[in-house]
Each structure stands twice: as structure tokens, then as C-alpha cells.
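Structure data (TSV, C-alpha atoms) from my_file_0.tsv:
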```tsv
chain	number	residue	atom	x	y	z
Z	275	MET	CA	119.00	27.77	-225.67
Z	276	ILE	CA	119.22	29.47	-229.07
Z	277	ALA	CA	115.87	30.72	-230.43
Z	278	LYS	CA	114.81	29.34	-233.80
Z	279	GLN	CA	114.74	31.76	-236.71
Z	280	LYS	CA	111.20	32.42	-237.90
Z	281	ILE	CA	110.06	32.24	-241.52
Z	282	LEU	CA	106.71	33.66	-242.68
Z	283	ILE	CA	105.42	31.79	-245.74
Z	284	VAL	CA	102.90	33.70	-247.84
Z	285	ASP	CA	101.42	31.61	-250.67
Z	286	ASP	CA	97.82	30.96	-251.74
Z	287	ASP	CA	98.74	27.44	-252.91
Z	288	GLU	CA	98.30	25.37	-249.74
Z	289	ASN	CA	100.25	22.38	-251.09
Z	290	ILE	CA	103.28	24.48	-252.00
Z	291	ALA	CA	103.13	26.38	-248.70
Z	292	GLU	CA	102.94	23.16	-246.66
Z	293	LEU	CA	105.81	21.61	-248.63
Z	294	ILE	CA	108.02	24.68	-248.09
Z	295	SER	CA	107.17	24.65	-244.39
Z	296	LEU	CA	108.05	20.95	-244.12
Z	297	TYR	CA	111.52	21.46	-245.60
Z	298	LEU	CA	112.21	24.48	-243.38
Z	299	LEU	CA	111.03	22.69	-240.25
Z	300	LYS	CA	113.53	19.91	-241.03
Z	301	GLU	CA	116.23	22.60	-241.02
Z	302	CYS	CA	115.08	23.73	-237.55
Z	303	PHE	CA	113.31	26.92	-238.62
Z	304	ASP	CA	110.04	28.02	-237.05
Z	305	THR	CA	107.41	28.65	-239.73
Z	306	LYS	CA	103.99	30.23	-240.08
Z	307	ILE	CA	101.80	30.04	-243.19
Z	308	VAL	CA	99.28	32.58	-244.46
Z	309	TYR	CA	97.44	32.43	-247.78
Z	310	ASN	CA	96.87	36.08	-248.72
Z	311	GLY	CA	98.51	39.48	-248.53
Z	312	GLU	CA	96.13	40.97	-245.98
Z	313	ASP	CA	96.83	38.18	-243.47
Z	314	ALA	CA	100.54	38.53	-244.13
Z	315	LEU	CA	100.50	42.20	-243.15
Z	316	ASN	CA	98.32	41.52	-240.11
Z	317	ILE	CA	100.44	38.65	-238.79
Z	318	TYR	CA	103.76	40.34	-239.50
Z	319	GLU	CA	103.84	42.50	-236.33
Z	320	THR	CA	102.95	39.69	-233.95
Z	321	PHE	CA	105.05	36.92	-235.55
Z	322	GLN	CA	108.06	39.18	-236.26
Z	323	PRO	CA	109.70	36.85	-238.79
Z	324	ASN	CA	113.40	36.81	-239.56
Z	325	LEU	CA	112.56	36.29	-243.24
Z	326	ILE	CA	109.48	36.29	-245.50
Z	327	LEU	CA	108.89	33.92	-248.41
Z	328	LEU	CA	106.42	35.87	-250.51
Z	329	ASP	CA	104.41	34.66	-253.49
Z	330	LEU	CA	103.57	37.45	-255.93
Z	331	MET	CA	100.21	36.26	-257.26
Z	332	LEU	CA	98.06	36.55	-254.13
Z	333	PRO	CA	94.31	37.20	-253.83
Z	334	GLY	CA	93.46	40.74	-252.78
Z	335	ILE	CA	96.72	42.51	-251.91
Z	336	ASP	CA	99.40	41.11	-254.22
Z	337	GLY	CA	103.00	40.28	-253.28
Z	338	TYR	CA	104.39	43.50	-254.72
Z	339	GLN	CA	102.16	45.59	-252.44
Z	340	VAL	CA	102.94	43.42	-249.42
Z	341	CYS	CA	106.66	43.87	-250.05
Z	342	ARG	CA	106.21	47.62	-250.50
Z	343	GLU	CA	104.35	47.97	-247.18
Z	344	ILE	CA	106.84	45.77	-245.31
Z	345	ARG	CA	109.73	47.80	-246.70
Z	346	ALA	CA	108.11	51.03	-245.53
Z	347	LYS	CA	108.61	49.98	-241.92
Z	348	SER	CA	111.20	47.22	-241.81
Z	349	ASN	CA	114.32	45.70	-243.39
Z	350	THR	CA	113.13	42.13	-242.83
Z	351	PRO	CA	114.55	40.01	-245.67
Z	352	VAL	CA	112.08	39.03	-248.39
Z	353	ILE	CA	112.47	36.28	-250.98
Z	354	MET	CA	109.85	36.54	-253.74
Z	355	LEU	CA	108.39	33.37	-255.23
Z	356	SER	CA	106.76	33.57	-258.65
Z	357	ALA	CA	105.91	31.66	-261.80
Z	358	LYS	CA	106.85	34.80	-263.72
Z	359	GLY	CA	110.34	34.30	-265.03
Z	360	GLU	CA	110.78	37.34	-267.23
Z	361	VAL	CA	113.69	39.66	-266.53
Z	362	PHE	CA	111.22	42.54	-266.11
Z	363	ASP	CA	109.40	40.72	-263.29
Z	364	LYS	CA	112.64	39.90	-261.49
Z	365	VAL	CA	113.90	43.46	-261.75
Z	366	LEU	CA	110.56	44.86	-260.55
Z	367	GLY	CA	110.56	42.53	-257.56
Z	368	LEU	CA	114.11	43.47	-256.59
Z	369	GLU	CA	113.40	47.16	-257.05
Z	370	MET	CA	110.40	46.79	-254.73
Z	371	GLY	CA	112.83	45.73	-252.05
Z	372	ALA	CA	113.06	41.95	-252.37
Z	373	ASP	CA	116.39	40.38	-251.41
Z	374	ASP	CA	116.05	37.44	-253.79
Z	375	TYR	CA	113.69	36.13	-256.46
Z	376	MET	CA	112.94	32.47	-257.17
Z	377	ILE	CA	110.98	31.11	-260.11
Z	378	LYS	CA	108.41	28.35	-259.61
Z	379	PRO	CA	108.76	25.46	-259.76
Z	380	PHE	CA	111.96	25.47	-257.73
Z	381	ASP	CA	114.11	22.85	-256.06
Z	382	SER	CA	113.46	22.66	-252.32
Z	383	LYS	CA	117.15	22.30	-251.49
Z	384	GLU	CA	117.95	25.44	-253.46
Z	385	LEU	CA	115.19	27.33	-251.62
Z	386	VAL	CA	116.58	26.30	-248.23
Z	387	ALA	CA	120.09	27.26	-249.36
Z	388	ARG	CA	118.90	30.70	-250.47
Z	389	VAL	CA	117.02	31.23	-247.22
Z	390	LYS	CA	120.17	30.49	-245.25
Z	391	ALA	CA	122.29	32.69	-247.51
Z	392	VAL	CA	119.97	35.69	-247.16
Z	393	LEU	CA	119.76	35.23	-243.39
Z	394	ARG	CA	123.56	35.13	-243.16
Z	395	ARG	CA	123.77	38.48	-244.92
Z	396	TYR	CA	121.35	39.98	-242.44
Z	397	GLN	CA	123.08	38.79	-239.28
Z	398	PRO	CA	124.39	41.86	-237.44
Z	399	ALA	CA	128.16	42.09	-237.50
Z	400	LYS	CA	129.75	41.29	-234.18
Z	401	PRO	CA	132.21	43.90	-233.02
Z	402	ASP	CA	135.73	42.69	-232.49
Z	403	VAL	CA	136.32	42.15	-228.79
Z	404	PRO	CA	139.89	42.70	-227.63
Z	405	VAL	CA	141.45	39.52	-226.31
Z	406	THR	CA	142.27	41.24	-223.03
Z	407	SER	CA	138.62	42.06	-222.40
Z	408	ARG	CA	137.64	38.41	-222.86
Z	409	ILE	CA	140.09	37.24	-220.20
Z	410	LYS	CA	138.79	37.40	-216.65
Z	411	CYS	CA	141.92	38.05	-214.70
Z	412	VAL	CA	142.88	39.87	-211.49
Z	413	GLU	CA	146.53	40.64	-210.78
Z	414	TYR	CA	148.34	41.99	-207.73
Z	415	ASP	CA	151.97	41.98	-206.70
Z	416	GLY	CA	152.90	38.30	-206.54
Z	417	LEU	CA	149.38	37.06	-207.25
Z	418	LEU	CA	147.59	36.28	-210.52
Z	419	ILE	CA	144.02	34.90	-210.48
Z	420	ASN	CA	142.76	33.82	-213.89
Z	421	LEU	CA	139.09	32.86	-213.99
Z	422	THR	CA	139.22	32.17	-217.73
Z	423	ASN	CA	141.43	29.10	-217.38
Z	424	TYR	CA	140.87	28.61	-213.61
Z	425	SER	CA	144.45	29.06	-212.54
Z	426	VAL	CA	146.14	30.84	-209.64
Z	427	LEU	CA	149.77	31.86	-209.71
Z	428	CYS	CA	151.25	32.90	-206.39
Z	429	GLY	CA	154.80	34.09	-206.77
Z	430	ASP	CA	156.32	31.64	-209.24
Z	431	LYS	CA	154.14	28.75	-208.09
Z	432	GLU	CA	150.89	27.64	-209.69
Z	433	LEU	CA	148.47	26.58	-206.98
Z	434	ASP	CA	146.13	23.63	-207.09
Z	435	MET	CA	142.80	25.27	-206.19
Z	436	PRO	CA	139.29	23.78	-206.60
Z	437	PRO	CA	136.78	25.85	-208.62
Z	438	LYS	CA	134.77	27.26	-205.70
Z	439	GLU	CA	137.87	28.35	-203.83
Z	440	LEU	CA	139.20	30.05	-206.96
Z	441	GLU	CA	135.84	31.72	-207.69
Z	442	LEU	CA	135.61	32.99	-204.11
Z	443	LEU	CA	139.14	34.39	-204.20
Z	444	TYR	CA	138.56	35.96	-207.61
Z	445	PHE	CA	135.30	37.58	-206.49
Z	446	LEU	CA	136.88	39.14	-203.40
Z	447	ALA	CA	140.02	40.24	-205.24
Z	448	SER	CA	137.91	41.82	-207.99
Z	449	SER	CA	136.50	44.27	-205.43
Z	450	PRO	CA	139.51	45.23	-203.28
Z	451	ASN	CA	138.79	46.64	-199.82
Z	452	GLN	CA	135.06	45.96	-200.13
Z	453	VAL	CA	133.51	43.99	-197.29
Z	454	PHE	CA	131.13	41.15	-198.13
Z	455	THR	CA	128.95	39.26	-195.67
Z	456	ARG	CA	128.97	35.49	-195.65
Z	457	GLU	CA	125.41	35.54	-197.03
Z	458	GLN	CA	126.46	37.73	-199.95
Z	459	LEU	CA	129.36	35.43	-200.74
Z	460	LEU	CA	127.10	32.38	-200.61
Z	461	ASP	CA	124.70	34.03	-203.06
Z	462	GLN	CA	127.45	35.14	-205.44
Z	463	ILE	CA	129.52	31.94	-205.51
Z	464	TRP	CA	127.08	29.16	-204.71
Z	465	GLY	CA	123.86	30.78	-205.94
Z	466	TYR	CA	120.59	31.74	-204.32
Z	467	GLU	CA	119.27	28.19	-204.42
Z	468	TYR	CA	122.22	26.74	-202.52
Z	469	ILE	CA	121.14	24.78	-199.46
Z	470	GLY	CA	123.78	25.21	-196.80
Z	471	ASP	CA	124.95	27.53	-194.05
Z	472	THR	CA	127.53	30.30	-193.89
Z	473	ARG	CA	130.16	27.97	-192.44
Z	474	THR	CA	130.74	26.85	-196.01
Z	475	VAL	CA	132.30	30.25	-196.72
Z	476	ASP	CA	134.49	30.03	-193.58
Z	477	VAL	CA	135.79	26.60	-194.58
Z	478	HIS	CA	136.70	27.79	-198.08
Z	479	ILE	CA	138.40	30.93	-196.78
Z	480	LYS	CA	140.43	28.76	-194.40
Z	481	ARG	CA	141.56	26.51	-197.26
Z	482	ILE	CA	142.51	29.49	-199.41
Z	483	ARG	CA	144.60	30.93	-196.58
Z	484	GLU	CA	146.44	27.64	-196.23
Z	485	LYS	CA	147.58	28.03	-199.84
Z	486	ILE	CA	148.08	31.81	-200.04
Z	487	LYS	CA	149.99	33.55	-197.30
Z	488	ASP	CA	149.49	37.24	-196.54
Z	489	HIS	CA	151.53	39.61	-198.67
Z	490	PRO	CA	153.00	42.99	-197.63
Z	491	HIS	CA	150.69	44.68	-200.16
Z	492	TRP	CA	147.52	42.63	-199.76
Z	493	GLU	CA	145.78	40.07	-197.55
Z	494	LEU	CA	142.55	38.09	-197.28
Z	495	LYS	CA	141.11	39.65	-194.15
Z	496	THR	CA	138.32	38.74	-191.75
Z	497	VAL	CA	136.04	41.58	-190.75
Z	498	TRP	CA	134.77	40.34	-187.42
Z	499	GLY	CA	131.01	40.10	-187.08
Z	500	ILE	CA	130.49	40.86	-190.77
Z	501	GLY	CA	132.43	38.78	-193.27
Z	502	TYR	CA	135.55	39.06	-195.42
Z	503	LYS	CA	137.40	41.38	-197.75
Z	504	PHE	CA	140.49	41.36	-199.94
Z	505	GLU	CA	142.47	44.21	-198.43
Z	506	VAL	CA	144.97	46.07	-200.56
Z	507	LYS	CA	147.47	48.15	-198.58
```

What's the C-alpha cells form of this structure?
Amino acid sequence: MIAKQKILIVDDDENIAELISLYLLKECFDTKIVYNGEDALNIYETFQPNLILLDLMLPGIDGYQVCREIRAKSNTPVIMLSAKGEVFDKVLGLEMGADDYMIKPFDSKELVARVKAVLRRYQPAKPDVPVTSRIKCVEYDGLLINLTNYSVLCGDKELDMPPKELELLYFLASSPNQVFTREQLLDQIWGYEYIGDTRTVDVHIKRIREKIKDHPHWELKTVWGIGYKFEVK
């Protein structure tokens, strides 16, 4: 489940704050409202918002000071909200560290759009992952086990193998020459909450062996009294 992004709304006008919160909740954001700068600074550490909507004209500590103190310790995005529409006020707000500046009264749809735009800019860039590292695949001479698309190629023949058989074969082949007990294999493939006995593993191993014959360079081997291993010679 993806966690909702959190928006801290700081505005001494309760009606405006509630209206902003309503629109953001409809867009599946999590919101918290405070009505003064002191509460905003106090709640910031515990709420840890993804973005702050900050009114400038606040009782006590004003929005400029709140932004300055937030910027001293964090890069959390800040959108300033103000009735002051002069260029000087906008420039001052942006120089204080705000990421955007909106003049009241504003359109609610535009506010939501700007919130989303600022959040997009602050999403950490995802490093490019090589295609080969995304593919879960084990290959030996004459055998290719692909867990990404759940396929097994033995020689030139693609085998029809149910998911649990394929997962069991892949797990063993991924750790060549390592011995696993039946209990370990049950936990890894079927999960700790699986209700069943170790004969389940034996049955699946038997079915795999019926489809994959031993190879001069590898074999699915029983270690008597212990379990199984994928032996590479």
C-alpha cells in the first residue's frame, strides 16, 4: 500500500484552511491544519509533511519567519499563500526559500495543480536499473530458469512447469551446491504460514525430476537424511 503524501496547512483563516484541506483530501492527500506559526514549527517534526502550504500573515510568528526556520533544517517544499500581490512580496517570499507563491483569493484547482507540480519536482530521481539486473534468471549448460516470466528452457524445449515447481527449482539452482532441508524449502517457497508437511517438497522434487533429467554438468540431488541441493559438477 502506497503511503499518502502529507500536506501541512498553516493559515489563521479557519474557513480557508478547511476548504483547502477538503480539496486536498479529495485528491487523496493527508492533511493537517494549524492556525499560527508557533504551532506550525511545533507540529512540523512529528507530522513530517511532504509539503507546507504557508500563509504569510499569521499571528505571532509570521510566515516569513516560519519559512526561514524550516529552511534552516529542511528542504521540505513550501508554497506561500498571501493576499499581498506586489512583486516585492513575491520576490521576498521566494528568496526566503519558498518554492511557489500564490495570491489570495486563488482557484482551488490551480492550488491542487501547483501542489502536485511542486511535489513532482521534489521526488527523488530513480537510478536507471540495467535491464539485466531486473531479470531473475539462472542459467546452466542446457538449462535456463527465468523467474521473471516463469519459464524453463531445457535444451531446446520449453517445459510446462507450475509456479511452485519453477520457484523451487529456481531457488535451489540460485544457490548451487548448497544443501537445504525440507523445512527450509517449505519456508522459502510456501511461506512460514503454510500448513502442510515436508512431503510436499518431496512430491514437487519428484515432478521436477520427471521433466528435467540429470545433466553431465549438474543434477538435482537428494542429500539423504537432510534435504536437497542443486549440484554443479

Nearest residue to Ile479 in chain Z from the set Z:Leu460, Z:Leu442, Z:Val506, Z:Ala387 (distances using all atoms listed in the file) =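 Between Z:Leu460, Z:Leu442, Z:Val506, Z:Ala387, the residue approaching Ile479 in chain Z most closely is Z:Leu442.
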
query = Can you tell me how far CA of Leu368 in chain Z sits from CA of Ile294 in chain Z, in Å to one decimal?
reply =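 Atom-to-atom, CA of Leu368 in chain Z and CA of Ile294 in chain Z are spaced 21.5 Å apart.
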
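The residue set within 10 Å of Asp476 in chain Z, counting all atoms listed in the file and dropping same-chain residues fewer than 3 places from it, reads Arg456, Asp471, Thr472, Arg473, Ile479, Lys480, Arg481, Ile482, Thr496, Gly501 and Tyr502 of chain Z.
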
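If all atoms listed in the file are the atoms counted, then among Z:Asn324, Z:Tyr444, Z:Tyr309, Z:Leu330 the closest residue to Glu413 in chain Z is Z:Tyr444.
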
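What separates CA of Val426 in chain Z from CA of Gln458 in chain Z is a distance of 23.0 Å.
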
task = In the coordinates of the file, take the point (135.8, 32.9, -216.5) and a cut-off of 6 Å; then, counting all atoms listed in the file, name each qualifying protein, DNA or RNA residue as a ChimeraX atom specification.
result = /Z:410,421-422

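Note that CA of Lys383 in chain Z and CA of Val340 in chain Z are 25.5 Å apart.
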
Nearest to Leu325 in chain Z by atom-to-atom distance, counting all atoms listed in the file, from Z:Val386, Z:Met376, Z:Val365, Z:Val392 =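 Ranked by minimum distance to Leu325 in chain Z, first place goes to Z:Val392.
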